[in-house]
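To keep things clear, I will list the structure first and then write my remarks on it.
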Amino acid sequence: MAEDKAFNRREFLHRGARLTLGLSLAGVGAVAAVNAGGEKYVWQIDPFKCTQCGRCATDCVLEPSAVKCVHAYDLCGYCDLCGGYFKPGVTELETGAEKQLCPAAAIERKFIEEPYFEYVINEDLCIGCAKCVKGCGSFGNGSLHLQIRHDLCVNCNECSIARVCPSDAISRVPASEPYMIKGDFTENQEGEDQA
Amino acid sequence: MNQQEKIKLAKQVMQIAGIFTLVVAGLLVINFIQLRKYEPLESETLNVLVEQLKNDPRNDALKEEIRDFDLLVRKAYFTSEWQVRTGSILLLIGGILFAVSLKVYTDLQKMIGLPEAGGEHFFAARNKAWRWLLITGLILFGMAFIASYYSTNYLENYFPESDTEIAASTETGDVEIQVLEIRDSMDADMQQSSDQSAGTDTSGAAGAAEESEGTQQNTQADAPEPEQVYGIEEFKKQHNTFRGPMGQGISYHKNIPVEWNGAQGQNVIWKVAISKKGYNSPVIWDDRIFVAGGDSESRIVSCYDRLTGQLLWEKRADNIPGSPAKMPNVTDDTGLSAPTMAVDGYRAYAIFATGDVIAFDMEGNRVWARNLGVPQNHYGHSSSLMVWDQKLIVQYDTGKGGRMLALDTKSGDTEWDITRDNHISWASPILIDHKGQIQVVTNSDPNVAGYDIQTGEEIWKVAVMMGEVGPSCAYSNGLVFANNEYASLVAINPEQGASVQWENYDYLSEAASPVAHEGLLYLATSYGVFVCYDAKTGEQVWEKDFGVTLYSSPMIADGKVYLMDNAGVMHIMKADRSGTIVSEPGLGEASYAIPAFADGRIYIRGEESLYCIGK
Amino acid sequence: MKRQQQLLILLFGFLLMFSMAGAQQRFPKPEFESGYMQPDTTTPEPRAAAMEFFDVLVLIGVMSLATYLIIRKRSRRGILWLTVFTLLYFGFYRNGCICPIGSIQNVTMAIFDPGYKISITILLFFLLPLIFALFYGRAYCAAACPLGAIQDLVVIKPVSVPSWVRKTLGFIPHVYIGLAVLFAATGTDFIICRYDPFVGIFRMDGPYLMIGLGIALLLLGLFFARPYCRVFCPYGVLLGWMSRFSRKHITITPSKCINCKLCKDSCPFDAIEAPTDEKVRTEQAVRKNMRSYVIFGLLVPVWIVLGGFAVSQSHVLLSRAHPDVYLSELLIAHPELKSDTENLDIQAFLESGKSMDQLVEEASVIRGEFRTGTWILGGYLGLVLGIMLMNQFILRKRDDYVPHKRDCFSCGRCMDYCPVDKTF
């Protein structure tokens, strides 16, 4: 009988503890749920904040980085002398390796019509070092810029590049608008301004 | 297969998988170490080769070598990437195989047996457990406690006001004025006193105080004889700033030689080797000629006897409070000493890419020095100094935005310091005398603007420029001319309500500044075309294609245009509507500087030497 | 009011951006005459949000199946195959992210940072395993955790570890979860994710140090079973509490224990408790233990205050993990670094136009949060220590071999060994 009593008391205590734990779990869930939404978030670089420090190439958990250079063609001037393609100071505009800025030779230069050239990024080769971005930004329109490629990004809980980004350019954005392509992105912002 | 055979098989598989895994892991580690060591895409060798090519752009063999090497490093990079990828998959497969065979091996051998009796003693184990728990907890708490003794809370040591004075040498403007005011009033009381400690009492700011202490000494030493303030008339006799008096590109000297040959020594009166490299141009006051130079080791100012070429003195610009220990990153075609010096008859002033400004008297004694905050400039600071009415004008547009200062020529203290709404620029200020008012006129992205030299107040501005502005402005006959490559060439009436009078896009200069003279405007593009425009209308008068890079700005002297090209050949043309070429003498070495003129002589800074040319 | 301010700042930012974008257009886009068609900027879509919900469904499925296999079917083999599936799906296919262990930080941030938006799937990932544990024990650890799975599959020759070592090491997860919550609440860092030893293996890519640590833990795991789960796992702390009071936990034997002792060595985690020895549990021993129990119970407040005080002393050091605090202290201690063009963080800060005063103020706020946080952390650790000490003096009567409900991972190995109701 005494054993039974003890067992019942323990069972009673267990039930109480279980209820308390369940309630506190529900409480934590409810408080967190205030900030919850069905939206999924992904990491992205704000090209206007980016300072092309080069850490995207080195600090991503992936090798090579999930950050690649993209080309916002709408902003491109199709320059013959492309600051993103040629090393600074180059005057003869040929495609020799000694003149190219990109260490991985990931930019393809194609003649379109006098005097315009098209520049296409070969993403398989791009390592996200941002050298061309810096070159394009300091000389040209800034149509080349970095973006996190979501076919590559594993969407870490905390982006390891965001942690070391000196200009806080990487933040979480809704997965419905996963890119901040210059041009499109600024247009959208303008639309919101007016609204 | 019996039990023994199974065990044997599992053991063999396990051994093979284990060795395989170890080998793959070893290869991966070697690969990792190699990558760490060499980083193919950051290859130093490649950079060295490209640097070599810069000095020898026509070397096809070198080009071929670079291309081959580039291919090699890229191959190395992408191959190692492939190796890592393949290696890790193999490692994983090997690991799985090893784990499975090991599991099978141990399972097959395992016999279910009764647990050994006894084990650990119940209470002994419990006693040990609670003691160790307590020890662990206390050690942890102890470590946390000790942590407080090994971590200074710097945030508590932060005092907002004093910090801006000491640390932020970039924003010393307001603070220094304050110090100056206090000291000035004290100066009055202590005019004759030799007690120098006044400066230190004025404020708690160590940096500012130190500096003012040094400068005060000199101010007092200079005080007895009031300086004469030279004006336009005196300046016209000199070549005291970048592009001549007031920076307008016009020299008033006569009898300038037109024939020489630097290589053969024809008409070379003297030639001296320059101690340190620099892209600044020589400046002249009476019989003294000054140049600056600098490398990461030191920055120097040299003064030569203009008549004999004898080095009179050479002083370092060092021990300047706030000067960076590590040199800012500058490109080779700008360097640490690109800005041209200014000289006003009493002192010579120099600025370097470190943000150091220094003043020496004519005998080479250091008068004052200060650092304006290391400029954020991806090529290197290159805007030259301008001097007028005891004010040293510094156009200090950096990556942080536009800024311009006027420093007291005697003490280096800030007279005025304005922030301007423009981007970084590389152009130099010029002075113009427009309707009786002296203005500082600057070119930048996006504003061409004029300022009152006394107060720094903006008189006018027109937002027409863009890009990386290098060329300075020109002025003639009531019009300011400004241009920049990829922007436009504009003429502006420099007064309130300024506007573009005409504009032209045909030829634009990248580095060289335009010059305007007697109704004509001359402009040198970096790709070798030299153009003359009608200054009133902007119509082209003539153009010449010299087919050689032109970085140096044209100068007008003795009715002729003197234009130095990068190869060291001076193109001398008549400064009129004909543009007839008078002669094209060569220096025998590359030159990027603007020639300086004195009566009957021309002074040219080549890459290595300083030349005096005349008869 | 604050939100309005934020909106205004945001609006200003957008205007600024747009004006910058306008100014940057140095070379207008040409009008082509050759009929050139401009290519599109490629923007591959991220994994669909619906797939995240699918992951939640898979999680629920795996845990339900695991519960069924443990409680009803009593099948170790089933659990084993489920473990393999989890390793392949949540591990190698989903790359181990997001997992409930890391979700602790997301939930913490959602509670402490009103600006942080947590996605509902992450919240579910956090809650579901705990709810399951509250009812059926650690079914998540048994089969649904990829980190547990990879370790469980390499358990080859587990050795028994003395109980005092296990109990002492059991203090570490509490420190880990405490620090993780502190760092997440202050927006400093996600240490659980940063030091996740196996995610690099799942991705077959990652910092070499982390992969090295993962492999080392796996090798250790050959002998010391599930080292991460037992010595580090911060989520295990929460699961342990839930499982301790779970409604229906795994049992070794389907009916009545015959005290055959066969199961004793089957558990690689030393999570099976033996029946009490009546020679040990004497009247006198019970009384003595009761006295110690009460004394240590009275000491609990002392541990809490001591812990709070001691740990709060480390708030200066700990807060330095926050980049803003680190940067501002660096600049105060070494103002000359402002001219160091190589230091990207300092240069970016100088470029941002933020004043030093602002930075220091922000850093001080964070440090203040750390002061409060470390008091709470220390108090919590003191409480845990106190309770763990008290537990050493509970002398409960046990007749059978039973799994320790808090430490048991419900892997089901013991069921295999139990001869009861088995026909051979």
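By order of appearance in the structure tokens: chains A, B, ..., then residues from 1 within every chain, and ligands from 1 in the order shown.
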
If you count only C-alpha atoms, which residues fall within 10 Å of range 169-184 of chain C, apart from same-chain ones fewer than 6 positions away, as an mmCIF file with N, CA and C atoms, in the first residue's frame?
data_model
loop_
_atom_site.group_PDB
_atom_site.id
_atom_site.type_symbol
_atom_site.label_atom_id
_atom_site.label_comp_id
_atom_site.auth_asym_id
_atom_site.auth_seq_id
_atom_site.Cartn_x
_atom_site.Cartn_y
_atom_site.Cartn_z
ATOM 1 N N TRP B 132 32.762 16.154 -8.114
ATOM 2 C CA TRP B 132 33.253 16.647 -9.405
ATOM 3 C C TRP B 132 32.314 17.699 -10.003
ATOM 4 N N LEU B 133 31.030 17.455 -9.805
ATOM 5 C CA LEU B 133 30.070 18.454 -10.296
ATOM 6 C C LEU B 133 30.331 19.797 -9.643
ATOM 7 N N THR B 136 33.551 21.331 -10.948
ATOM 8 C CA THR B 136 33.364 21.881 -12.289
ATOM 9 C C THR B 136 32.619 23.213 -12.238
ATOM 10 N N GLY B 137 31.518 23.193 -11.484
ATOM 11 C CA GLY B 137 30.722 24.415 -11.388
ATOM 12 C C GLY B 137 31.541 25.555 -10.819
ATOM 13 N N LEU B 140 34.122 26.813 -13.251
ATOM 14 C CA LEU B 140 33.480 27.626 -14.286
ATOM 15 C C LEU B 140 33.181 29.028 -13.766
ATOM 16 N N ILE C 101 17.962 21.950 -33.496
ATOM 17 C CA ILE C 101 19.013 22.392 -32.565
ATOM 18 C C ILE C 101 19.317 23.872 -32.806
ATOM 19 N N GLY C 102 19.534 24.209 -34.086
ATOM 20 C CA GLY C 102 19.817 25.607 -34.410
ATOM 21 C C GLY C 102 18.610 26.503 -34.220
ATOM 22 N N ILE C 104 16.737 26.876 -31.856
ATOM 23 C CA ILE C 104 16.709 27.513 -30.527
ATOM 24 C C ILE C 104 17.029 28.991 -30.675
ATOM 25 N N GLN C 105 18.034 29.265 -31.493
ATOM 26 C CA GLN C 105 18.492 30.645 -31.651
ATOM 27 C C GLN C 105 17.476 31.490 -32.386
ATOM 28 N N ASN C 106 16.840 30.895 -33.413
ATOM 29 C CA ASN C 106 15.825 31.657 -34.143
ATOM 30 C C ASN C 106 14.671 32.026 -33.235
ATOM 31 N N VAL C 107 14.250 31.034 -32.402
ATOM 32 C CA VAL C 107 13.133 31.294 -31.495
ATOM 33 C C VAL C 107 13.538 32.363 -30.474
ATOM 34 N N THR C 108 14.771 32.258 -29.964
ATOM 35 C CA THR C 108 15.247 33.266 -29.014
ATOM 36 C C THR C 108 15.217 34.647 -29.643
ATOM 37 N N MET C 109 15.714 34.724 -30.869
ATOM 38 C CA MET C 109 15.746 36.027 -31.522
ATOM 39 C C MET C 109 14.342 36.557 -31.766
ATOM 40 N N ALA C 110 13.428 35.657 -32.126
ATOM 41 C CA ALA C 110 12.047 36.090 -32.372
ATOM 42 C C ALA C 110 11.440 36.653 -31.091
ATOM 43 N N PHE C 112 13.284 38.073 -28.517
ATOM 44 C CA PHE C 112 13.978 39.262 -28.009
ATOM 45 C C PHE C 112 14.092 40.391 -29.021
ATOM 46 N N ASP C 113 14.067 40.074 -30.285
ATOM 47 C CA ASP C 113 14.233 41.122 -31.294
ATOM 48 C C ASP C 113 12.932 41.275 -32.071
ATOM 49 N N SER C 163 30.145 6.877 -14.043
ATOM 50 C CA SER C 163 28.980 7.757 -13.928
ATOM 51 C C SER C 163 29.384 9.179 -13.535
ATOM 52 N N PHE C 190 25.270 33.167 -33.921
ATOM 53 C CA PHE C 190 24.558 31.890 -33.800
ATOM 54 C C PHE C 190 25.622 30.819 -33.568
ATOM 55 N N ILE C 191 26.028 30.646 -32.311
ATOM 56 C CA ILE C 191 27.176 29.766 -32.087
ATOM 57 C C ILE C 191 26.843 28.308 -32.372
ATOM 58 N N ILE C 192 25.578 27.922 -32.165
ATOM 59 C CA ILE C 192 25.243 26.507 -32.388
ATOM 60 C C ILE C 192 25.493 26.149 -33.845
ATOM 61 N N CYS C 193 25.081 27.044 -34.754
ATOM 62 C CA CYS C 193 25.250 26.760 -36.178
ATOM 63 C C CYS C 193 26.710 26.879 -36.580
ATOM 64 N N TYR C 228 28.560 14.121 -29.440
ATOM 65 C CA TYR C 228 27.950 15.459 -29.518
ATOM 66 C C TYR C 228 26.662 15.494 -28.724
ATOM 67 N N CYS C 229 25.824 14.455 -28.884
ATOM 68 C CA CYS C 229 24.529 14.434 -28.207
ATOM 69 C C CYS C 229 24.695 14.477 -26.693
ATOM 70 N N ARG C 230 25.693 13.744 -26.201
ATOM 71 C CA ARG C 230 25.793 13.594 -24.745
ATOM 72 C C ARG C 230 26.583 14.711 -24.084
ATOM 73 N N VAL C 231 27.527 15.298 -24.808
ATOM 74 C CA VAL C 231 28.397 16.271 -24.152
ATOM 75 C C VAL C 231 28.100 17.711 -24.567
ATOM 76 N N PHE C 232 27.511 17.896 -25.751
ATOM 77 C CA PHE C 232 27.333 19.265 -26.216
ATOM 78 C C PHE C 232 25.890 19.672 -26.504
ATOM 79 N N CYS C 233 25.122 18.747 -27.074
ATOM 80 C CA CYS C 233 23.858 19.162 -27.707
ATOM 81 C C CYS C 233 22.988 20.040 -26.804
ATOM 82 N N PRO C 234 22.799 21.315 -27.195
ATOM 83 C CA PRO C 234 21.998 22.205 -26.367
ATOM 84 C C PRO C 234 20.502 21.903 -26.435
ATOM 85 N N TYR C 235 20.076 21.364 -27.575
ATOM 86 C CA TYR C 235 18.663 21.026 -27.716
ATOM 87 C C TYR C 235 18.334 19.820 -26.852
ATOM 88 N N GLY C 236 19.358 18.978 -26.634
ATOM 89 C CA GLY C 236 19.182 17.809 -25.787
ATOM 90 C C GLY C 236 18.771 18.186 -24.377
ATOM 91 N N VAL C 237 19.189 19.362 -23.924
ATOM 92 C CA VAL C 237 18.796 19.830 -22.590
ATOM 93 C C VAL C 237 17.277 19.956 -22.526
ATOM 94 N N LEU C 238 16.707 20.626 -23.553
ATOM 95 C CA LEU C 238 15.254 20.813 -23.576
ATOM 96 C C LEU C 238 14.545 19.474 -23.732
ATOM 97 N N LEU C 318 32.581 38.550 -22.710
ATOM 98 C CA LEU C 318 31.642 37.881 -23.615
ATOM 99 C C LEU C 318 31.062 38.848 -24.640
ATOM 100 N N SER C 319 30.798 40.077 -24.208
ATOM 101 C CA SER C 319 30.156 41.012 -25.130
ATOM 102 C C SER C 319 31.084 41.372 -26.274
ATOM 103 N N ALA C 321 32.299 39.474 -28.244
ATOM 104 C CA ALA C 321 31.976 38.629 -29.400
ATOM 105 C C ALA C 321 31.076 39.384 -30.382
ATOM 106 N N HIS C 322 30.411 40.434 -29.885
ATOM 107 C CA HIS C 322 29.557 41.227 -30.776
ATOM 108 C C HIS C 322 30.443 42.151 -31.614
ATOM 109 N N GLU C 369 23.034 44.892 -22.136
ATOM 110 C CA GLU C 369 22.243 43.670 -22.300
ATOM 111 C C GLU C 369 23.023 42.456 -21.839
ATOM 112 N N PHE C 370 24.313 42.470 -22.132
ATOM 113 C CA PHE C 370 25.143 41.351 -21.705
ATOM 114 C C PHE C 370 25.240 41.300 -20.184
ATOM 115 N N THR C 372 22.960 42.182 -17.975
ATOM 116 C CA THR C 372 21.729 41.529 -17.510
ATOM 117 C C THR C 372 21.742 40.053 -17.880
ATOM 118 N N GLY C 373 22.106 39.800 -19.144
ATOM 119 C CA GLY C 373 22.075 38.429 -19.649
ATOM 120 C C GLY C 373 22.989 37.498 -18.895
ATOM 121 N N THR C 374 24.189 37.979 -18.543
ATOM 122 C CA THR C 374 25.119 37.100 -17.842
ATOM 123 C C THR C 374 24.651 36.845 -16.409
ATOM 124 N N ILE C 376 21.504 36.474 -15.600
ATOM 125 C CA ILE C 376 20.506 35.419 -15.764
ATOM 126 C C ILE C 376 21.184 34.090 -16.085
ATOM 127 N N LEU C 377 22.167 34.153 -16.993
ATOM 128 C CA LEU C 377 22.889 32.934 -17.366
ATOM 129 C C LEU C 377 23.530 32.301 -16.140
ATOM 130 N N GLY C 378 24.205 33.131 -15.334
ATOM 131 C CA GLY C 378 24.868 32.610 -14.137
ATOM 132 C C GLY C 378 23.859 32.037 -13.163
ATOM 133 N N TYR C 380 20.976 30.777 -13.907
ATOM 134 C CA TYR C 380 20.498 29.512 -14.462
ATOM 135 C C TYR C 380 21.506 28.399 -14.211
ATOM 136 N N LEU C 381 22.767 28.689 -14.460
ATOM 137 C CA LEU C 381 23.795 27.663 -14.262
ATOM 138 C C LEU C 381 23.882 27.271 -12.795
ATOM 139 N N VAL C 384 20.988 24.979 -12.154
ATOM 140 C CA VAL C 384 21.245 23.650 -12.714
ATOM 141 C C VAL C 384 22.229 22.897 -11.830
ATOM 142 N N LEU C 385 23.267 23.583 -11.412
ATOM 143 C CA LEU C 385 24.270 22.954 -10.563
ATOM 144 C C LEU C 385 23.622 22.463 -9.269
ATOM 145 N N MET C 388 21.447 19.467 -9.946
ATOM 146 C CA MET C 388 22.251 18.283 -10.246
ATOM 147 C C MET C 388 22.873 17.731 -8.972
ATOM 148 N N ASP C 407 18.074 10.734 -20.139
ATOM 149 C CA ASP C 407 19.257 10.493 -20.969
ATOM 150 C C ASP C 407 19.007 9.525 -22.124
#

| message | At a cut-off of 10 Å, using only C-alpha atoms, what residues contact Arg76 in chain C? Leave out same-chain residues fewer than 5 positions from it and give the result as a list in words. | response |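 Listed by chain and then number, they are Ala66, Leu69, Ile70, Trp81, Leu82, Ser410, Cys411, Gly412, Arg413, Cys414, Met415 and Asp416 of chain C.
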
| query | To one decimal place, how far is CA of Ser148 in chain B from CA of Leu344 in chain C in Å? | reply |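 A separation of 29.2 Å between them.
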
Could you work out which residues of chain A fall inside 6 Å of chain B? Count only C-alpha atoms, and format the result as a PDB file with C-alpha atoms, in the first residue's frame.
ATOM      1  CA  ALA A  97      45.166  37.566 -70.125  1.00  0.00           C
ATOM      2  CA  GLU A  98      47.598  40.334 -69.192  1.00  0.00           C
ATOM      3  CA  PRO A 103      41.490  36.224 -62.097  1.00  0.00           C
TER       4      PRO A 103
END

| field | Test item: chain A residues at most 7 Å from chain C, counting only C-alpha atoms, as a ChimeraX atom specification | value | /A:14,17-18,21,31-32,35-40,48,53,61-63,70-73,75-78,113,140-142,149-151,156-158,166-167,175,186,189,193

| Using only C-alpha atoms, which chain B residues lie at most 7 Å away from chain C, written as a PyMOL selection string? | chain B and resi 88+99+103+114-115+125-126+128-130+132-133+137+141-142+144-145+147-148+151+153-155+158+160+167+324+326+328+374+400+467
